[in-house]
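Trainee: Have a peek at upload-v3.csv (CSV, C-alpha atoms).
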chain,number,residue,atom,x,y,z
K,102,MET,CA,114.2,121.8,91.0
K,103,LYS,CA,112.0,123.6,93.4
K,104,GLN,CA,109.8,121.5,95.6
K,105,LEU,CA,106.1,122.4,95.4
K,106,ASN,CA,104.7,119.8,97.8
K,107,TYR,CA,105.6,116.6,99.6
K,108,ILE,CA,104.5,113.8,101.9
K,109,LYS,CA,106.5,111.5,104.1
K,110,LEU,CA,105.2,108.2,105.3
K,111,GLU,CA,106.6,105.5,107.5
K,112,PHE,CA,105.2,102.0,108.1
K,113,PRO,CA,106.3,98.5,109.2
K,114,ALA,CA,107.7,96.2,106.6
K,115,ARG,CA,104.6,94.1,106.4
K,116,SER,CA,103.2,92.9,103.1
K,117,ALA,CA,99.7,94.1,104.1
K,118,ASN,CA,101.1,97.7,103.7
K,119,GLU,CA,101.9,97.2,100.0
K,120,GLY,CA,98.4,98.1,98.9
K,121,PHE,CA,98.3,101.1,101.3
K,122,ALA,CA,101.6,102.5,100.0
K,123,ARG,CA,100.5,102.5,96.4
K,124,ALA,CA,97.0,103.9,97.2
K,125,ALA,CA,98.6,106.7,99.2
K,126,ALA,CA,101.1,107.4,96.4
K,127,ALA,CA,98.2,107.6,93.9
K,128,ALA,CA,96.2,109.9,96.1
K,129,PHE,CA,99.1,112.3,96.5
K,130,ALA,CA,100.1,112.1,92.8
K,131,ALA,CA,96.5,112.9,91.8
K,132,GLN,CA,97.1,116.6,92.5
K,133,THR,CA,99.4,116.7,89.4
K,134,ASP,CA,96.4,115.7,87.3
K,135,PRO,CA,97.9,112.6,85.7
K,136,THR,CA,96.3,110.4,83.1
K,137,MET,CA,95.0,107.0,84.2
K,138,GLU,CA,98.0,105.4,82.5
K,139,GLU,CA,100.4,107.7,84.4
K,140,LEU,CA,98.7,106.9,87.7
K,141,GLY,CA,98.9,103.2,86.9
K,142,ASP,CA,102.6,103.6,86.2
K,143,ILE,CA,103.2,105.3,89.5
K,144,LYS,CA,101.2,102.8,91.5
K,145,THR,CA,103.1,99.9,89.8
K,146,ALA,CA,106.6,101.4,90.4
K,147,VAL,CA,105.7,102.2,94.1
K,148,SER,CA,104.4,98.7,94.6
K,149,GLU,CA,107.6,97.2,93.3
K,150,ALA,CA,109.9,99.4,95.4
K,151,VAL,CA,107.9,98.9,98.6
K,152,THR,CA,107.7,95.2,98.0
K,153,ASN,CA,111.4,94.9,97.5
K,154,ALA,CA,112.0,96.7,100.9
K,155,ILE,CA,109.4,94.4,102.6
K,156,VAL,CA,110.8,91.2,101.1
K,157,HIS,CA,114.5,91.8,101.2
K,158,ALA,CA,115.5,94.5,103.8
K,159,TYR,CA,114.6,92.8,107.1
K,160,PRO,CA,114.9,89.0,106.9
K,161,ASP,CA,114.8,88.5,110.6
K,162,SER,CA,112.7,91.3,111.9
K,163,VAL,CA,109.9,93.8,110.9
K,164,GLY,CA,111.8,97.0,110.3
K,165,LEU,CA,110.5,100.3,109.0
K,166,VAL,CA,110.0,101.5,105.4
K,167,GLN,CA,110.0,105.2,104.6
K,168,MET,CA,108.3,106.6,101.6
K,169,ARG,CA,108.6,110.2,100.4
K,170,LEU,CA,106.8,111.7,97.5
K,171,ARG,CA,107.6,115.2,96.1
K,172,ILE,CA,106.1,117.3,93.4
K,173,LEU,CA,108.8,119.3,91.8
K,174,GLU,CA,108.6,122.2,89.4
K,175,GLY,CA,107.9,121.3,85.8
K,176,GLY,CA,105.3,118.6,86.8
K,177,VAL,CA,107.9,116.1,88.0
K,178,LEU,CA,106.8,113.6,90.6
K,179,GLU,CA,109.7,112.1,92.7
K,180,VAL,CA,109.3,108.9,94.7
K,181,MET,CA,111.8,107.8,97.3
K,182,VAL,CA,111.5,104.5,99.1
K,183,ARG,CA,114.0,104.0,101.9
K,184,ASP,CA,114.8,101.2,104.3
K,185,ARG,CA,117.5,100.7,106.9
K,186,GLY,CA,117.8,97.0,106.4
K,187,ARG,CA,120.6,94.7,105.3
K,188,GLY,CA,121.3,96.4,102.0
K,189,ILE,CA,122.1,95.0,98.6
K,190,PRO,CA,125.7,93.7,98.2
K,191,ASP,CA,125.7,94.0,94.4
K,192,VAL,CA,123.2,96.6,93.0
K,193,LYS,CA,124.1,96.0,89.4
K,194,LYS,CA,123.4,92.3,89.7
K,195,ALA,CA,120.2,92.9,91.6
K,196,MET,CA,118.9,95.1,88.7
K,197,GLU,CA,119.4,92.3,86.1
K,198,PRO,CA,116.1,91.0,84.8
K,199,MET,CA,114.9,87.7,86.4
K,200,TRP,CA,117.5,87.9,89.2
K,201,SER,CA,115.9,87.5,92.6
K,202,THR,CA,116.7,86.2,96.1
K,203,GLY,CA,113.0,86.4,97.0
K,204,GLY,CA,110.6,83.4,97.2
K,205,GLU,CA,108.7,82.0,94.3
K,206,GLU,CA,106.2,84.8,94.5
K,207,ARG,CA,108.9,87.2,93.2
K,208,SER,CA,109.9,87.1,89.5
K,209,GLY,CA,113.1,89.2,89.6
K,210,MET,CA,111.4,91.8,87.3
K,211,GLY,CA,110.9,94.5,89.9
K,212,PHE,CA,113.7,96.9,88.9
K,213,THR,CA,112.9,96.3,85.2
K,214,ILE,CA,109.3,97.3,85.8
K,215,MET,CA,110.4,100.4,87.8
K,216,ALA,CA,112.8,101.5,85.1
K,217,SER,CA,110.2,100.9,82.4
K,218,PHE,CA,107.3,102.7,84.1
K,219,MET,CA,109.2,105.7,85.4
K,220,ASP,CA,111.5,108.3,83.6
K,221,SER,CA,114.5,107.7,86.0
K,222,LEU,CA,115.5,105.2,88.5
K,223,ARG,CA,118.4,105.4,91.0
K,224,VAL,CA,119.3,102.7,93.5
K,225,ARG,CA,121.8,103.4,96.3
K,226,SER,CA,122.6,100.7,98.8
K,227,ALA,CA,125.2,99.8,101.4
K,228,PRO,CA,125.4,96.5,103.2
K,229,GLY,CA,124.1,96.8,106.8
K,230,LYS,CA,122.9,100.4,106.2
K,231,GLY,CA,119.9,99.9,103.9
K,232,THR,CA,118.7,100.9,100.5
K,233,ALA,CA,117.2,104.0,98.9
K,234,VAL,CA,115.3,103.8,95.6
K,235,THR,CA,114.6,107.1,93.9
K,236,MET,CA,112.4,107.4,90.9
K,237,THR,CA,111.0,110.4,88.9
K,238,LYS,CA,108.3,110.8,86.4
K,239,ARG,CA,107.3,113.9,84.5
K,240,ILE,CA,103.5,114.2,84.4
K,241,ARG,CA,102.4,115.7,81.1
K,242,THR,CA,100.1,118.7,81.5
K,243,LYS,CA,96.7,118.6,80.0
K,244,ALA,CA,97.6,121.3,77.6
K,245,GLY,CA,100.4,119.2,76.2
K,246,ARG,CA,98.3,116.1,75.8
V,33,MET,CA,92.0,89.5,95.4
V,34,LYS,CA,89.8,86.6,94.4
V,35,VAL,CA,90.6,83.6,92.2
V,36,LEU,CA,87.4,82.0,90.8
V,37,SER,CA,87.6,78.9,88.6
V,38,ASN,CA,85.6,76.9,86.1
V,39,TYR,CA,86.5,73.5,84.7
V,40,LYS,CA,84.9,72.1,81.6
V,41,GLU,CA,86.1,69.4,79.1
V,42,GLY,CA,89.8,69.5,80.0
V,43,ARG,CA,90.0,73.3,80.3
V,44,LEU,CA,90.5,75.0,83.7
V,45,THR,CA,89.7,78.7,83.5
V,46,LEU,CA,91.0,80.9,86.4
V,47,PHE,CA,89.3,84.3,86.8
V,48,LEU,CA,91.5,86.7,88.7
V,49,GLN,CA,89.7,89.6,90.3
V,50,GLY,CA,90.9,92.7,92.1
V,51,GLU,CA,94.6,93.6,92.8
V,52,LEU,CA,97.4,91.1,92.6
V,53,ASP,CA,100.6,92.0,94.5
V,54,HIS,CA,103.1,90.2,96.6
V,55,HIS,CA,100.8,90.2,99.6
V,56,GLU,CA,98.1,88.3,97.6
V,57,ALA,CA,100.4,86.1,95.4
V,58,SER,CA,101.3,83.4,97.9
V,59,GLU,CA,97.7,82.4,98.7
V,60,ALA,CA,96.7,82.7,95.0
V,61,MET,CA,99.6,80.3,94.1
V,62,ARG,CA,98.6,77.8,96.7
V,63,ARG,CA,94.9,77.8,95.5
V,64,ILE,CA,95.8,77.6,91.8
V,65,ALA,CA,98.3,74.7,92.5
V,66,ARG,CA,95.5,72.8,94.3
V,67,LEU,CA,93.1,73.4,91.4
V,68,VAL,CA,95.7,72.1,88.9
V,69,ASP,CA,96.4,69.1,91.0
V,70,ASP,CA,92.7,68.3,91.4
V,71,TYR,CA,91.7,68.7,87.8
V,72,LEU,CA,95.0,67.9,85.9
V,73,PRO,CA,93.7,70.1,83.0
V,74,ARG,CA,94.9,69.9,79.4
V,75,ASP,CA,94.5,73.7,79.1
V,76,CYS,CA,94.6,76.5,81.7
V,77,VAL,CA,93.2,79.9,80.8
V,78,VAL,CA,94.1,82.8,83.0
V,79,ASP,CA,91.3,85.3,82.6
V,80,MET,CA,92.5,88.8,83.7
V,81,GLY,CA,89.3,90.6,82.6
V,82,ALA,CA,88.5,91.6,86.2
V,83,LEU,CA,92.1,92.2,87.4
V,84,THR,CA,92.4,95.9,88.1
V,85,PHE,CA,96.1,96.0,89.2
V,86,MET,CA,99.1,93.7,88.9
V,87,ASP,CA,102.8,94.2,89.7
V,88,SER,CA,105.6,91.8,89.0
V,89,SER,CA,104.1,89.3,91.5
V,90,GLY,CA,101.7,88.6,88.7
V,91,ILE,CA,104.6,87.6,86.4
V,92,ALA,CA,105.8,85.2,89.1
V,93,LEU,CA,102.3,83.7,89.3
V,94,LEU,CA,102.1,83.2,85.6
V,95,LEU,CA,105.6,81.6,85.6
V,96,LYS,CA,104.4,79.2,88.3
V,97,ILE,CA,101.2,78.3,86.4
V,98,SER,CA,103.2,77.8,83.2
V,99,ARG,CA,105.6,75.5,85.1
V,100,LEU,CA,102.8,73.5,86.7
V,101,MET,CA,101.1,73.0,83.3
V,102,ALA,CA,104.3,72.0,81.6
V,103,GLU,CA,104.9,69.3,84.2
V,104,THR,CA,101.8,67.5,83.1
V,105,GLY,CA,102.1,68.2,79.4
V,106,GLY,CA,99.4,70.9,79.4
V,107,ARG,CA,99.5,74.5,78.3
V,108,ALA,CA,98.5,77.8,79.7
V,109,TRP,CA,97.7,81.2,78.3
V,110,VAL,CA,96.3,84.6,79.3
V,111,GLU,CA,93.1,86.2,78.1
V,112,ASN,CA,91.4,89.6,78.5
V,113,ALA,CA,94.2,91.4,80.3
V,114,ARG,CA,93.6,95.2,80.1
V,115,ASN,CA,95.4,98.5,80.6
V,116,GLN,CA,97.7,98.4,83.6
V,117,PRO,CA,98.1,94.5,83.9
V,118,LEU,CA,98.7,94.3,80.1
V,119,LYS,CA,101.4,97.0,80.3
V,120,VAL,CA,103.2,95.0,83.0
V,121,LEU,CA,102.9,91.8,80.9
V,122,ASP,CA,104.4,93.7,77.9
V,123,ALA,CA,107.2,95.3,80.0
V,124,SER,CA,108.2,91.9,81.4
V,125,GLY,CA,108.6,90.1,78.1
V,126,ILE,CA,106.7,87.1,79.5
V,127,ASP,CA,104.9,86.6,76.2
V,128,ARG,CA,108.1,84.7,75.1
V,129,LEU,CA,107.1,82.0,77.7
V,130,ILE,CA,103.3,82.2,77.9
V,131,GLN,CA,100.8,83.2,75.3
V,132,ILE,CA,99.0,86.5,75.8
V,133,SER,CA,95.8,86.2,73.8
V,134,THR,CA,95.8,88.7,70.9
V,135,ALA,CA,92.0,89.1,71.5
V,136,ALA,CA,92.9,90.8,74.7
V,137,ARG,CA,94.4,93.7,72.7
V,138,ALA,CA,91.3,94.3,70.6
With the file now loaded, output its structure as structure tokens.

Mentor:
Amino acid sequence: MKQLNYIKLEFPARSANEGFARAAAAAFAAQTDPTMEELGDIKTAVSEAVTNAIVHAYPDSVGLVQMRLRILEGGVLEVMVRDRGRGIPDVKKAMEPMWSTGGEERSGMGFTIMASFMDSLRVRSAPGKGTAVTMTKRIRTKAGR
Amino acid sequence: MKVLSNYKEGRLTLFLQGELDHHEASEAMRRIARLVDDYLPRDCVVDMGALTFMDSSGIALLLKISRLMAETGGRAWVENARNQPLKVLDASGIDRLIQISTAARA
């Protein structure tokens, strides 16, 4: 699909940046003229993906998190959240509901929420090399609402 | 995010305001645990009427509250959740563990 517009952001894996990341994603996505519900879905999925990177990728340091958003032909918004941290040894296991290696402030529902709120979710990870989470959502045009 | 509270006749009501994410969840959990320890309430109502955003950290917070209340034989439930927070609650299936007040869906 042809790319119409994009942004790339990079920030330290600090929890204070979770709110910034979802606000930035919402501001960029607004140009697709989403409904309030669609905007809420995007903010939620971004919050989950970025939080996963912040909590899990760099246990002993503050590494970097990259986020790329693209608007593709057909009103499709693509979100990619990438870290170069320790990676996920078993992606299938990590995507099971209620499974988490985070603290008590994590519920293990992050991937379930991402899959539920977006149209597609792909997780690629390699131990020692990091994780890339890619999600897409088709924004319905006003004419089709 | 703010956590305001009110205690009356065995019922502790927690008013969550603002955005609840992982960054805010740890402090909210500590504050709520202190309130439950201080009051030992029979009921704990989590009022989400002024909560504008919640991710799965909110689910973890509710699981914690539910566990704290179960430890002392009390019960907890959610009231007034709206729009985005309510959609996260629905997607998580947490209503099997903690009651989501049907009035909130009116």

Trainee: Within 12 Å of chain K, which residues of chain V show up when using all atoms listed in the file, listed as a ChimeraX atom specification?

Mentor: /V:33,50-62,84-97,99,114-126

Trainee: So what do you get for atom CA of K:Leu222 versus atom CA of V:Val110, distance-wise?

Mentor: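 Atom-to-atom, atom CA of K:Leu222 to atom CA of V:Val110, that is 29.6 Å.
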
Trainee: Would you mind reading off the distance between atom CA of K:Ile143 and atom CA of K:Glu174, one decimal, in Å?

Mentor: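 Rounded to one decimal, the two atoms are 17.7 Å apart.
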
Trainee: Please, what distance in Å, to one decimal, runs between atom CA of V:Val77 and atom CA of V:Trp109?

Mentor: 5.3 Å

Trainee: Restricting the calculation to only C-alpha atoms, which member of V:Val68, V:Cys76, V:Ala102, V:Ala82 is positioned closest to V:Leu44?

Mentor: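 That would be V:Cys76, the residue with the smallest distance to V:Leu44.
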
Trainee: If you count all atoms listed in the file, which residues fall within 10 Å of K:Val234, apart from same-chain ones fewer than 2 positions away, as a list in words?

Mentor: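 Once the adjacent positions are removed, what remains is Val147, Ala150, Val151, Asn153, Ala154, Met168, Val180, Met181, Val182, Arg183, Asp184, Phe212, Met215, Leu222, Arg223, Val224, Arg225, Ser226, Thr232 and Met236 of chain K.
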